[in-house]
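Structure file entry-v9.cif with mmCIF, C-alpha atoms:
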```
data_final
loop_
_atom_site.label_atom_id
_atom_site.label_comp_id
_atom_site.auth_asym_id
_atom_site.auth_seq_id
_atom_site.Cartn_x
_atom_site.Cartn_y
_atom_site.Cartn_z
CA MET A 1 -46.92 -5.72 59.84
CA GLU A 2 -45.40 -3.87 56.88
CA ILE A 3 -42.29 -5.63 55.62
CA ASN A 4 -39.74 -4.69 52.98
CA THR A 5 -38.40 -8.21 52.49
CA LEU A 6 -35.46 -9.68 50.63
CA PHE A 7 -37.64 -11.77 48.34
CA GLN A 8 -39.23 -8.65 46.82
CA MET A 9 -35.79 -7.65 45.59
CA LEU A 10 -35.05 -11.18 44.41
CA LEU A 11 -38.09 -11.06 42.17
CA LEU A 12 -37.37 -7.57 40.83
CA LEU A 13 -33.60 -7.67 40.43
CA ARG A 14 -32.87 -11.38 39.90
CA CYS A 15 -29.86 -11.01 42.13
CA PHE A 16 -29.24 -11.90 45.73
CA LYS A 17 -30.24 -9.08 48.08
CA GLY A 18 -30.56 -10.38 51.59
CA TYR A 19 -30.41 -7.33 53.80
CA THR A 20 -33.08 -4.78 54.47
CA SER A 21 -33.64 -3.07 57.77
CA GLN A 22 -37.05 -1.60 57.02
CA VAL A 23 -39.10 -4.02 59.07
CA SER A 24 -41.76 -2.13 60.97
CA ALA A 25 -44.71 -3.25 63.02
CA ALA A 26 -47.30 -1.94 65.37
CA ASN A 27 -46.01 -1.56 68.88
CA ALA A 28 -45.74 -4.94 70.49
CA ASP A 29 -46.41 -5.67 74.09
CA PRO A 30 -43.41 -4.11 75.89
CA ASP A 31 -43.30 -6.83 78.53
CA VAL A 32 -40.24 -9.04 78.40
CA CYS A 33 -40.44 -12.52 79.81
CA SER A 34 -38.06 -13.53 82.57
CA LEU A 35 -35.10 -15.74 81.76
CA ASP A 36 -36.10 -17.76 84.80
CA GLY A 37 -39.19 -18.95 82.96
CA GLY A 38 -39.87 -20.62 79.65
CA ASN A 39 -36.84 -22.71 78.80
CA THR A 40 -35.50 -23.08 82.33
CA SER A 41 -36.67 -25.13 85.27
CA THR A 42 -36.15 -25.30 88.99
CA CYS A 43 -33.27 -27.55 89.89
CA THR A 44 -30.57 -28.15 92.45
CA GLN A 45 -27.34 -26.33 91.74
CA ASP A 46 -24.73 -28.66 90.27
CA THR A 47 -21.51 -27.59 91.91
CA SER A 48 -19.35 -29.92 89.89
CA GLU A 49 -20.15 -27.93 86.75
CA SER A 50 -21.22 -24.42 87.63
CA GLN A 51 -18.83 -23.79 90.49
CA ARG A 52 -15.71 -25.18 88.84
CA PRO A 53 -12.95 -22.54 89.11
CA ALA A 54 -12.32 -20.85 85.77
CA SER A 55 -8.61 -21.59 86.17
CA GLN A 56 -9.12 -25.35 86.29
CA PRO A 57 -7.82 -26.84 83.03
CA ARG A 58 -10.51 -27.99 80.64
CA GLN A 59 -8.82 -31.33 80.06
CA MET A 60 -9.28 -32.26 83.72
CA ARG A 61 -12.97 -32.87 83.12
CA ARG A 62 -13.16 -34.59 79.73
CA ARG A 63 -16.23 -36.67 79.07
CA TRP A 64 -15.71 -40.13 77.67
CA GLY A 65 -19.40 -41.02 77.72
CA LYS A 66 -22.76 -39.41 78.29
CA PRO A 67 -22.77 -36.87 81.12
CA LYS A 68 -24.08 -38.11 84.46
CA THR A 69 -25.87 -34.83 85.13
CA LYS A 70 -29.24 -34.37 83.48
CA THR A 71 -29.71 -30.76 84.57
CA VAL A 72 -27.18 -27.99 85.20
CA CYS A 73 -27.82 -24.54 86.66
CA TYR A 74 -25.78 -21.43 85.95
CA GLY A 75 -26.84 -18.60 88.25
CA VAL A 76 -28.86 -15.86 86.60
CA LEU A 77 -28.97 -17.83 83.34
CA GLY A 78 -31.17 -20.50 84.89
CA CYS A 79 -31.15 -24.28 84.51
CA PHE A 80 -30.70 -26.46 81.45
CA SER A 81 -31.85 -30.05 81.08
CA ASN A 82 -30.97 -32.57 78.39
CA GLU A 83 -34.47 -34.03 78.51
CA ALA A 84 -37.07 -33.48 75.79
CA PRO A 85 -37.49 -31.27 73.91
CA TYR A 86 -33.77 -30.52 74.36
CA ASN A 87 -32.65 -34.09 73.76
CA ASN A 88 -31.12 -33.25 70.37
CA ALA A 89 -27.49 -33.13 71.55
CA ASN A 90 -26.87 -36.82 72.25
CA GLY A 91 -27.32 -36.34 75.98
CA MET A 92 -24.94 -33.41 76.34
CA VAL A 93 -25.73 -30.48 78.64
CA PRO A 94 -24.27 -26.98 78.23
CA ASP A 95 -20.75 -26.25 79.41
CA PRO A 96 -20.32 -23.66 82.22
CA PRO A 97 -20.26 -20.03 81.04
CA ALA A 98 -16.79 -19.51 82.53
CA GLU A 99 -15.48 -22.35 80.41
CA MET A 100 -16.94 -21.02 77.17
CA GLY A 101 -15.79 -17.45 77.80
CA VAL A 102 -18.35 -15.82 75.51
CA THR A 103 -17.35 -12.30 74.45
CA HIS A 104 -20.08 -9.70 73.86
CA MET A 105 -18.79 -6.92 71.59
CA VAL A 106 -20.71 -3.77 70.64
CA TYR A 107 -19.81 -1.47 67.76
CA SER A 108 -21.33 1.76 66.48
CA ARG A 109 -20.40 4.55 64.10
CA ASN A 110 -18.44 6.04 66.99
CA ASN A 111 -16.36 2.87 67.37
CA LYS A 112 -16.35 0.97 64.09
CA VAL A 113 -13.03 -0.78 64.70
CA THR A 114 -12.53 -1.17 68.44
CA GLU A 115 -15.35 -2.89 70.27
CA VAL A 116 -16.74 -2.05 73.68
CA LYS A 117 -17.60 -5.08 75.76
CA VAL A 118 -20.74 -5.73 77.75
CA SER A 119 -21.48 -8.39 80.33
CA TYR A 120 -24.63 -10.46 80.68
CA ASP A 121 -24.32 -10.61 84.50
CA ASP A 122 -23.75 -6.88 85.09
CA VAL A 123 -27.13 -5.17 84.78
CA ASP A 124 -25.46 -1.79 84.28
CA SER A 125 -22.92 -2.82 81.62
CA VAL A 126 -24.94 -1.29 78.76
CA LYS A 127 -25.95 1.75 80.78
CA ASN A 128 -22.31 2.59 81.45
CA LEU A 129 -21.06 2.24 77.86
CA ALA A 130 -19.22 5.23 76.42
CA ASN A 131 -20.00 6.45 72.87
CA ILE A 132 -23.01 4.13 72.59
CA ASN A 133 -26.63 5.25 72.31
CA PRO A 134 -28.44 2.15 73.63
CA SER A 135 -31.81 3.20 72.20
CA LEU A 136 -30.61 2.85 68.58
CA PRO A 137 -31.70 -0.21 66.60
CA LEU A 138 -29.62 -3.27 67.50
CA LYS A 139 -28.21 -5.76 64.99
CA ILE A 140 -26.94 -8.96 66.64
CA VAL A 141 -24.65 -11.31 64.70
CA ILE A 142 -23.97 -14.85 65.98
CA HIS A 143 -21.56 -17.28 64.30
CA GLY A 144 -21.88 -21.05 64.18
CA PHE A 145 -19.86 -24.24 64.63
CA LYS A 146 -16.05 -23.90 64.85
CA SER A 147 -16.12 -20.20 64.02
CA GLU A 148 -15.50 -16.86 65.74
CA ALA A 149 -16.55 -13.20 65.63
CA LYS A 150 -13.27 -11.35 66.20
CA GLN A 151 -12.34 -11.68 62.54
CA GLY A 152 -13.84 -12.95 59.30
CA TRP A 153 -17.36 -12.71 57.95
CA THR A 154 -18.99 -11.31 61.09
CA GLN A 155 -16.68 -8.30 60.88
CA ASP A 156 -17.54 -7.90 57.19
CA ILE A 157 -21.24 -7.82 58.00
CA LYS A 158 -20.68 -5.39 60.87
CA ASN A 159 -18.69 -3.01 58.67
CA ALA A 160 -21.24 -3.16 55.86
CA ILE A 161 -24.15 -2.41 58.20
CA LEU A 162 -22.43 0.57 59.82
CA GLU A 163 -21.69 2.03 56.38
CA ILE A 164 -25.39 2.37 55.61
CA GLU A 165 -27.11 2.68 59.01
CA ASP A 166 -26.67 4.49 62.30
CA VAL A 167 -27.24 1.49 64.55
CA ASN A 168 -25.47 -0.59 67.17
CA VAL A 169 -23.98 -3.89 66.00
CA TYR A 170 -23.50 -6.56 68.65
CA LEU A 171 -21.19 -9.43 67.76
CA VAL A 172 -21.28 -12.58 69.87
CA ASP A 173 -18.03 -14.57 69.99
CA TRP A 174 -18.69 -18.00 71.50
CA SER A 175 -15.68 -19.69 69.89
CA GLY A 176 -14.80 -21.23 73.26
CA GLY A 177 -18.02 -23.24 73.13
CA SER A 178 -18.66 -23.65 69.40
CA GLY A 179 -16.61 -26.84 69.02
CA SER A 180 -13.63 -27.96 71.06
CA TRP A 181 -11.29 -30.76 69.96
CA TRP A 182 -11.23 -31.87 73.60
CA ASP A 183 -14.77 -33.12 73.13
CA HIS A 184 -13.70 -35.55 70.39
CA LYS A 185 -16.74 -37.36 68.97
CA ASN A 186 -19.07 -35.17 71.04
CA MET A 187 -17.65 -31.92 69.65
CA TYR A 188 -20.66 -31.03 67.51
CA ASN A 189 -23.25 -32.24 70.01
CA GLN A 190 -21.58 -30.23 72.77
CA ALA A 191 -21.76 -27.15 70.57
CA ILE A 192 -25.49 -27.77 70.06
CA ALA A 193 -25.99 -27.92 73.82
CA ASN A 194 -23.89 -24.80 74.36
CA THR A 195 -26.09 -22.68 72.08
CA ARG A 196 -28.68 -22.55 74.88
CA VAL A 197 -26.33 -20.87 77.36
CA VAL A 198 -25.10 -18.50 74.65
CA ALA A 199 -28.71 -17.56 73.86
CA ALA A 200 -29.49 -16.98 77.54
CA GLN A 201 -26.51 -14.62 77.81
CA VAL A 202 -27.53 -12.70 74.69
CA ALA A 203 -31.08 -12.38 76.00
CA LYS A 204 -29.74 -10.89 79.23
CA VAL A 205 -27.76 -8.31 77.24
CA VAL A 206 -30.81 -7.47 75.11
CA GLN A 207 -32.78 -6.93 78.31
CA GLN A 208 -30.17 -4.35 79.34
CA PHE A 209 -30.55 -2.49 76.02
CA HIS A 210 -34.33 -2.70 76.38
CA ALA A 211 -34.12 -1.15 79.87
CA GLU A 212 -32.18 1.76 78.34
CA GLY A 213 -34.80 2.54 75.70
CA LEU A 214 -34.34 -0.01 72.92
CA SER A 215 -37.61 -1.21 71.40
CA LEU A 216 -37.85 -4.94 70.82
CA ASP A 217 -39.23 -4.06 67.38
CA ASP A 218 -35.75 -2.75 66.54
CA VAL A 219 -33.88 -5.94 67.45
CA HIS A 220 -32.60 -7.86 64.41
CA LEU A 221 -30.71 -11.11 65.03
CA ILE A 222 -28.55 -12.59 62.27
CA GLY A 223 -27.11 -16.07 62.77
CA HIS A 224 -25.25 -18.61 60.66
CA SER A 225 -25.69 -22.39 60.98
CA LEU A 226 -25.86 -23.19 64.73
CA GLY A 227 -25.95 -19.42 65.23
CA ALA A 228 -29.29 -19.30 63.41
CA HIS A 229 -30.84 -21.67 65.96
CA THR A 230 -29.16 -19.69 68.74
CA CYS A 231 -30.99 -16.62 67.44
CA GLY A 232 -34.19 -18.64 67.60
CA GLU A 233 -33.49 -19.45 71.25
CA VAL A 234 -33.03 -15.74 71.98
CA GLY A 235 -36.36 -15.06 70.29
CA LYS A 236 -38.04 -17.69 72.47
CA PHE A 237 -36.87 -15.89 75.61
CA PHE A 238 -38.87 -12.87 74.42
CA ASN A 239 -41.90 -14.87 73.34
CA GLY A 240 -41.28 -14.04 69.68
CA LYS A 241 -41.53 -10.26 70.24
CA VAL A 242 -38.15 -9.28 68.77
CA GLY A 243 -38.49 -7.57 65.42
CA ARG A 244 -36.62 -9.87 63.10
CA ILE A 245 -34.39 -12.94 62.84
CA THR A 246 -32.40 -13.82 59.74
CA GLY A 247 -31.15 -17.40 59.57
CA LEU A 248 -28.15 -17.92 57.29
CA ASP A 249 -28.31 -21.57 56.21
CA PRO A 250 -29.66 -22.88 59.55
CA ALA A 251 -27.88 -26.06 60.64
CA SER A 252 -29.40 -29.43 59.82
CA PRO A 253 -27.72 -32.05 62.08
CA GLY A 254 -29.44 -32.19 65.45
CA TYR A 255 -32.43 -30.08 64.35
CA GLU A 256 -34.31 -31.94 61.65
CA ASP A 257 -38.01 -32.45 62.41
CA LEU A 258 -37.67 -30.73 65.82
CA ASP A 259 -40.16 -27.91 65.61
CA PHE A 260 -39.55 -26.36 69.04
CA VAL A 261 -35.76 -26.27 69.32
CA LYS A 262 -34.95 -25.12 65.79
CA LEU A 263 -35.44 -21.66 64.30
CA ASP A 264 -39.01 -21.14 63.17
CA ALA A 265 -41.55 -18.43 62.40
CA THR A 266 -42.73 -18.13 66.01
CA ASP A 267 -39.35 -16.84 67.22
CA ALA A 268 -39.75 -13.24 65.99
CA GLN A 269 -42.27 -10.92 64.40
CA PHE A 270 -40.56 -11.67 61.09
CA VAL A 271 -38.20 -14.57 60.36
CA ASP A 272 -36.41 -15.01 57.05
CA ALA A 273 -33.99 -17.81 56.19
CA ILE A 274 -31.53 -18.25 53.33
CA HIS A 275 -30.61 -21.81 52.35
CA THR A 276 -27.45 -22.69 50.40
CA ASP A 277 -26.25 -26.13 51.57
CA GLY A 278 -29.21 -28.40 52.19
CA ARG A 279 -29.04 -32.18 51.77
CA ASP A 280 -31.01 -35.38 52.26
CA ASN A 281 -32.28 -35.32 55.84
CA GLN A 282 -31.69 -39.07 56.14
CA LYS A 283 -27.90 -38.78 55.92
CA SER A 284 -26.01 -39.04 59.20
CA THR A 285 -24.39 -36.17 61.05
CA THR A 286 -20.98 -37.73 60.32
CA ASP A 287 -21.69 -37.80 56.59
CA LYS A 288 -22.75 -34.17 56.64
CA LEU A 289 -19.76 -33.04 58.70
CA MET A 290 -17.35 -34.87 56.40
CA CYS A 291 -18.97 -34.23 53.04
CA GLY A 292 -20.97 -31.01 53.35
CA GLY A 293 -24.70 -30.55 53.59
CA LEU A 294 -24.83 -28.88 56.99
CA GLY A 295 -27.79 -26.70 56.09
CA THR A 296 -31.44 -27.65 56.43
CA MET A 297 -33.98 -27.74 53.64
CA ASP A 298 -36.82 -27.38 56.14
CA VAL A 299 -38.90 -24.21 56.11
CA SER A 300 -37.51 -22.06 58.93
CA GLY A 301 -39.40 -18.78 58.82
CA HIS A 302 -42.05 -16.60 57.25
CA VAL A 303 -39.92 -16.32 54.10
CA ASP A 304 -37.40 -19.00 53.06
CA VAL A 305 -35.11 -18.42 50.09
CA TYR A 306 -33.42 -21.46 48.49
CA VAL A 307 -30.56 -20.03 46.45
CA ASN A 308 -29.80 -22.16 43.39
CA GLY A 309 -32.23 -24.68 44.84
CA GLY A 310 -30.55 -24.55 48.26
CA GLU A 311 -28.34 -27.60 47.55
CA GLY A 312 -24.79 -26.61 46.61
CA GLN A 313 -23.56 -23.37 45.06
CA PRO A 314 -21.73 -22.68 41.79
CA GLY A 315 -17.96 -22.62 42.24
CA CYS A 316 -17.90 -25.28 44.94
CA LYS A 317 -16.13 -28.46 43.88
CA LYS A 318 -18.03 -31.63 43.19
CA LEU A 319 -16.59 -34.70 44.85
CA THR A 320 -16.17 -37.62 42.47
CA ALA A 321 -14.93 -40.44 44.68
CA GLY A 322 -15.25 -41.90 48.13
CA MET A 323 -17.95 -41.65 50.75
CA CYS A 324 -19.26 -38.36 49.41
CA ASP A 325 -20.24 -39.64 45.96
CA TYR A 326 -23.92 -39.08 46.60
CA LEU A 327 -23.52 -35.35 47.17
CA PRO A 328 -23.51 -32.84 44.29
CA TYR A 329 -21.16 -30.53 46.19
CA GLY A 330 -18.96 -31.39 49.13
CA ALA A 331 -16.63 -30.12 51.80
CA GLN A 332 -14.12 -28.54 49.45
CA THR A 333 -12.69 -25.13 48.76
CA VAL A 334 -14.04 -23.44 45.66
CA GLU A 335 -12.66 -23.64 42.18
CA GLY A 336 -11.28 -20.57 40.49
CA THR A 337 -9.45 -17.58 41.88
CA LYS A 338 -12.11 -14.96 42.50
CA ARG A 339 -11.75 -14.04 46.15
CA ARG A 340 -15.40 -13.14 46.65
CA MET A 341 -16.41 -16.70 45.77
CA ARG A 342 -14.16 -18.39 48.31
CA SER A 343 -15.47 -19.84 51.52
CA ASN A 344 -14.14 -18.04 54.59
CA ASP A 345 -13.83 -21.37 56.34
CA GLY A 346 -11.92 -23.10 53.55
CA ILE A 347 -14.30 -26.08 53.78
CA TYR A 348 -18.06 -26.46 53.61
CA CYS A 349 -18.00 -24.12 50.66
CA SER A 350 -21.74 -23.93 50.02
CA HIS A 351 -22.53 -23.65 53.73
CA GLY A 352 -20.14 -20.72 54.12
CA ARG A 353 -21.19 -19.04 50.89
CA VAL A 354 -24.36 -17.71 52.50
CA HIS A 355 -22.65 -15.18 54.77
CA SER A 356 -20.56 -13.89 51.85
CA MET A 357 -23.78 -13.38 49.90
CA PHE A 358 -25.45 -11.70 52.84
CA ALA A 359 -22.53 -9.33 53.50
CA GLU A 360 -22.45 -8.35 49.86
CA SER A 361 -26.19 -7.82 49.74
CA ILE A 362 -25.99 -5.13 52.41
CA LYS A 363 -24.02 -2.80 50.14
CA PRO A 364 -26.53 -0.64 48.26
CA SER A 365 -24.69 -0.75 44.92
CA SER A 366 -23.68 -4.40 45.03
CA CYS A 367 -25.35 -7.10 42.99
CA THR A 368 -22.55 -9.37 41.83
CA PHE A 369 -23.85 -12.75 43.06
CA LYS A 370 -26.12 -13.94 40.29
CA ILE A 371 -28.57 -16.77 40.78
CA LYS A 372 -29.64 -19.35 38.24
CA SER A 373 -32.75 -20.37 40.13
CA VAL A 374 -34.49 -19.52 43.35
CA THR A 375 -37.37 -20.95 45.31
CA VAL A 376 -39.08 -18.64 47.77
CA THR A 377 -41.52 -20.12 50.24
CA SER A 378 -43.58 -17.44 51.95
CA SER A 379 -46.31 -17.83 54.50
CA PHE A 380 -47.27 -14.24 53.67
CA ARG A 381 -47.65 -14.21 49.93
CA MET A 382 -46.89 -17.16 47.70
CA GLU A 383 -45.37 -20.59 47.32
CA ASN A 384 -42.54 -21.77 45.05
CA VAL A 385 -41.78 -18.51 43.28
#
```
Could you render the structure from this file as structure tokens?
Amino acid sequence: MEINTLFQMLLLLRCFKGYTSQVSAANADPDVCSLDGGNTSTCTQDTSESQRPASQPRQMRRRWGKPKTKTVCYGVLGCFSNEAPYNNANGMVPDPPAEMGVTHMVYSRNNKVTEVKVSYDDVDSVKNLANINPSLPLKIVIHGFKSEAKQGWTQDIKNAILEIEDVNVYLVDWSGGSGSWWDHKNMYNQAIANTRVVAAQVAKVVQQFHAEGLSLDDVHLIGHSLGAHTCGEVGKFFNGKVGRITGLDPASPGYEDLDFVKLDATDAQFVDAIHTDGRDNQKSTTDKLMCGGLGTMDVSGHVDVYVNGGEGQPGCKKLTAGMCDYLPYGAQTVEGTKRRMRSNDGIYCSHGRVHSMFAESIKPSSCTFKIKSVTVTSSFRMENV
């Protein structure tokens, strides 16, 4: 496989350049695995979850302990168990699709501002799209915990891509499942569980594009935090045959030392990951949620880039008191007034910095994020550059 990777530019330019679309490979096996296989299993339909009317208020079914159901089934998406290897969400199982209300939005150069929507359970939704050529390369962007895709950094990345390439950009908004206050202490764990249903929906949509002429070689998934692992789940549905996955600071809590469920090099023909907010793996999820350090330091792909060492970025405040003393950078907004250096989320500055870097790296003339040090771990070429 011939790859024009981001780390080549890092070495040559000494600036952060994360985006390149020139990833080519010999034709892969065109067969696409069924969503009914692999990560799903035969089970009895759980009517209490999957058949709940969409109009029923969410607060009527709050969980105050571990869910009684070990496996839930959601129609064409298949069944989802909380047993190993998917026991990383503190016993939670995915919420029903109707409850999450995932929105699948497609943009192109013909509709840069106003999205057209597709549906995972309508096999003709892509075929019937107006102003969309489904055979064009497909860039899929998936946000993470407590985020959305209808505004913010995902829109910035979409706009930057469409400025330089004639492609389709598919934004996945799963804000209804990415962290609900109704879930209280289980909010993050529920979001982890929900990534599996989101991934199954995205895989169904990709199958529709594939049926209309899209090559799996031309599928590039880009995900931040929990979205990075969601991209990995999509890749697993296709047995690693999608062209590329880019993980933007893949999430740490719930994924450390779990080789199968987290993003890794087997999920696509080429996987690259950019790390900006890694911390000590021994710290608790609560510590990381409160103090920062949501990114993993684990190798996640064929090429892993650790910007400024991967542990805290310049411009993010250092906490000097309280429970976060042990962290070099914490859950604070950035110092200074330069807008480009602010976190879109207002907190988790270093964790959110990665998508600002990535969006800026897409622009051909942009090289304003300087790096003091970088470690590149590559299974292709070299170690610790």
Practice problem: Would you kindly return, as a list in words, each protein, DNA or RNA residue with an atom no farther than 7 Å from any atom of stretch 124-130 of chain A, considering only C-alpha atoms and excluding same-chain residues fewer than 5 positions away? | Solution: Val118, Ser119, Gln208, Phe209 and Glu212 of chain A
Practice problem: Run the PyMOL selection byres ((chain A and resi 151) around 12) mentally over the shown coordinates, then write out the matched residues as an MDAnalysis selection string, using the chain letters and numbers from the document. | Solution: chainID A and resid 113 143 147:150 152:159 171:173 175 344:345
Quiz item: Which of these, A:Gly247, A:Gly179, A:Gly254, A:Pro137, has the shortest distance to A:Glu165 once you count all atoms listed in the file?
Solution: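 Of the candidates, the smallest distance to A:Glu165 is held by A:Pro137.
With all atoms listed in the file as the atoms that count, the minimum distance from A:Gly315 to the choices A:Val303, A:Gly243, A:Pro250, A:Cys349 is reached by A:Cys349.
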Practice problem: Compute the distance from (-14.8, 0.1, 62.8) to each atom, counting only C-alpha atoms, keep the residues with any atom at most 12 Å away, and return them as JSON, numbers by chain; use the coordinates of the file. | Solution: {"A": [105, 106, 107, 108, 109, 110, 111, 112, 113, 114, 115, 116, 155, 156, 157, 158, 159, 160, 161, 162, 163, 168, 169]}
Same residues, C-alpha atoms, saved as a compact mmCIF listing (two decimals), keeping the file's coordinate frame:
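File produced: part.txt:
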```
# COMPACT_ATOMS: atom_id res chain seq x y z
CA MET A 105 -18.79 -6.92 71.59
CA VAL A 106 -20.71 -3.77 70.64
CA TYR A 107 -19.81 -1.47 67.76
CA SER A 108 -21.33 1.76 66.48
CA ARG A 109 -20.40 4.55 64.10
CA ASN A 110 -18.44 6.04 66.99
CA ASN A 111 -16.36 2.87 67.37
CA LYS A 112 -16.35 0.97 64.09
CA VAL A 113 -13.03 -0.78 64.70
CA THR A 114 -12.53 -1.17 68.44
CA GLU A 115 -15.35 -2.89 70.27
CA VAL A 116 -16.74 -2.05 73.68
CA GLN A 155 -16.68 -8.30 60.88
CA ASP A 156 -17.54 -7.90 57.19
CA ILE A 157 -21.24 -7.82 58.00
CA LYS A 158 -20.68 -5.39 60.87
CA ASN A 159 -18.69 -3.01 58.67
CA ALA A 160 -21.24 -3.16 55.86
CA ILE A 161 -24.15 -2.41 58.20
CA LEU A 162 -22.43 0.57 59.82
CA GLU A 163 -21.69 2.03 56.38
CA ASN A 168 -25.47 -0.59 67.17
CA VAL A 169 -23.98 -3.89 66.00
```
Quiz item: Restricting the calculation to only C-alpha atoms, which member of A:Ser180, A:Asn189, A:Gln201, A:Ser215 is positioned closest to A:Leu136?
Solution: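 Among the listed residues, the smallest separation from A:Leu136 belongs to A:Ser215.
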Quiz item: If I put a ball of radius 6 Å at (-26.7, -29.4, 55.2) in the file's coordinates, which residues poke into it when counting all atoms listed in the file, written as a PyMOL selection string?
Solution: chain A and resi 252+277-279+293-296
Quiz item: How far is it from atom CA of A:Val206 to atom CA of A:Gly240, in Å with one decimal?
Solution: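 Interatomic distance, atom CA of A:Val206 to atom CA of A:Gly240: 13.5 Å.
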Self-check item: Between atom CA of A:Asn133 and atom CA of A:Pro364 - distance in Å to one decimal
Solution: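 A separation of 24.8 Å between them.
By only C-alpha atoms, and with residues fewer than 6 positions from A:Gly101 along its chain excluded, the set lying at most 8 Å from it is Trp174, Gly176 and Gly177 of chain A.
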Practice problem: Find the spatial neighbours of A:Thr195, counting all atoms listed in the file, within a cut-off of 12 Å - ignore same-chain residues fewer than 6 positions away - and output them as JSON, numbers by chain. | Solution: {"A": [80, 86, 88, 89, 92, 93, 94, 95, 96, 97, 100, 102, 142, 143, 144, 145, 172, 173, 174, 175, 176, 177, 178, 179, 188, 189, 201, 202, 223, 225, 226, 227, 228, 229, 230, 231, 232, 233, 234, 261, 262]}
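Taking atom CA of A:Lys236 and atom CA of A:His355 as endpoints, the distance between them is 23.6 Å.
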Quiz item: Which residues match the PyMOL selection byres ((chain A and resi 218) around 9) in the file above, as a list in words?
Solution: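 Given this file, the PyMOL selection byres ((chain A and resi 218) around 9) evaluates to Val23, Ser24, Leu136, Pro137, Leu138, Lys139, Leu214, Ser215, Leu216, Asp217, Val219, His220, Val242, Gly243 and Arg244 of chain A.
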Same residues, C-alpha atoms, output as a PDB file, in the frame of the given file:
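File result_32.pdb, as written:
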```pdb
ATOM      1  CA  VAL A  23     -39.100  -4.020  59.070  1.00  0.00           C
ATOM      2  CA  SER A  24     -41.760  -2.130  60.970  1.00  0.00           C
ATOM      3  CA  LEU A 136     -30.610   2.850  68.580  1.00  0.00           C
ATOM      4  CA  PRO A 137     -31.700  -0.210  66.600  1.00  0.00           C
ATOM      5  CA  LEU A 138     -29.620  -3.270  67.500  1.00  0.00           C
ATOM      6  CA  LYS A 139     -28.210  -5.760  64.990  1.00  0.00           C
ATOM      7  CA  LEU A 214     -34.340  -0.010  72.920  1.00  0.00           C
ATOM      8  CA  SER A 215     -37.610  -1.210  71.400  1.00  0.00           C
ATOM      9  CA  LEU A 216     -37.850  -4.940  70.820  1.00  0.00           C
ATOM     10  CA  ASP A 217     -39.230  -4.060  67.380  1.00  0.00           C
ATOM     11  CA  VAL A 219     -33.880  -5.940  67.450  1.00  0.00           C
ATOM     12  CA  HIS A 220     -32.600  -7.860  64.410  1.00  0.00           C
ATOM     13  CA  VAL A 242     -38.150  -9.280  68.770  1.00  0.00           C
ATOM     14  CA  GLY A 243     -38.490  -7.570  65.420  1.00  0.00           C
ATOM     15  CA  ARG A 244     -36.620  -9.870  63.100  1.00  0.00           C
TER      16      ARG A 244
END
```
Quiz item: Taking all atoms listed in the file into account, which of A:Gly312, A:Ala265, A:Val205, A:Gly235 comes nearest A:Tyr120?
Solution: A:Val205
Quiz item: In terms of the shortest atom-to-atom distance over all atoms listed in the file, which of A:Glu83, A:Ile164, A:Gln207, A:Lys117 is closest to A:Ser361?
Solution: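 With all atoms listed in the file as the atom set, the closest residue is A:Ile164.
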Exercise. Would you write out, as a PyMOL selection string, every residue that the PyMOL selection byres ((chain A and resi 71) around 6) captures in this file?
Key: chain A and resi 69-70+72+80-81
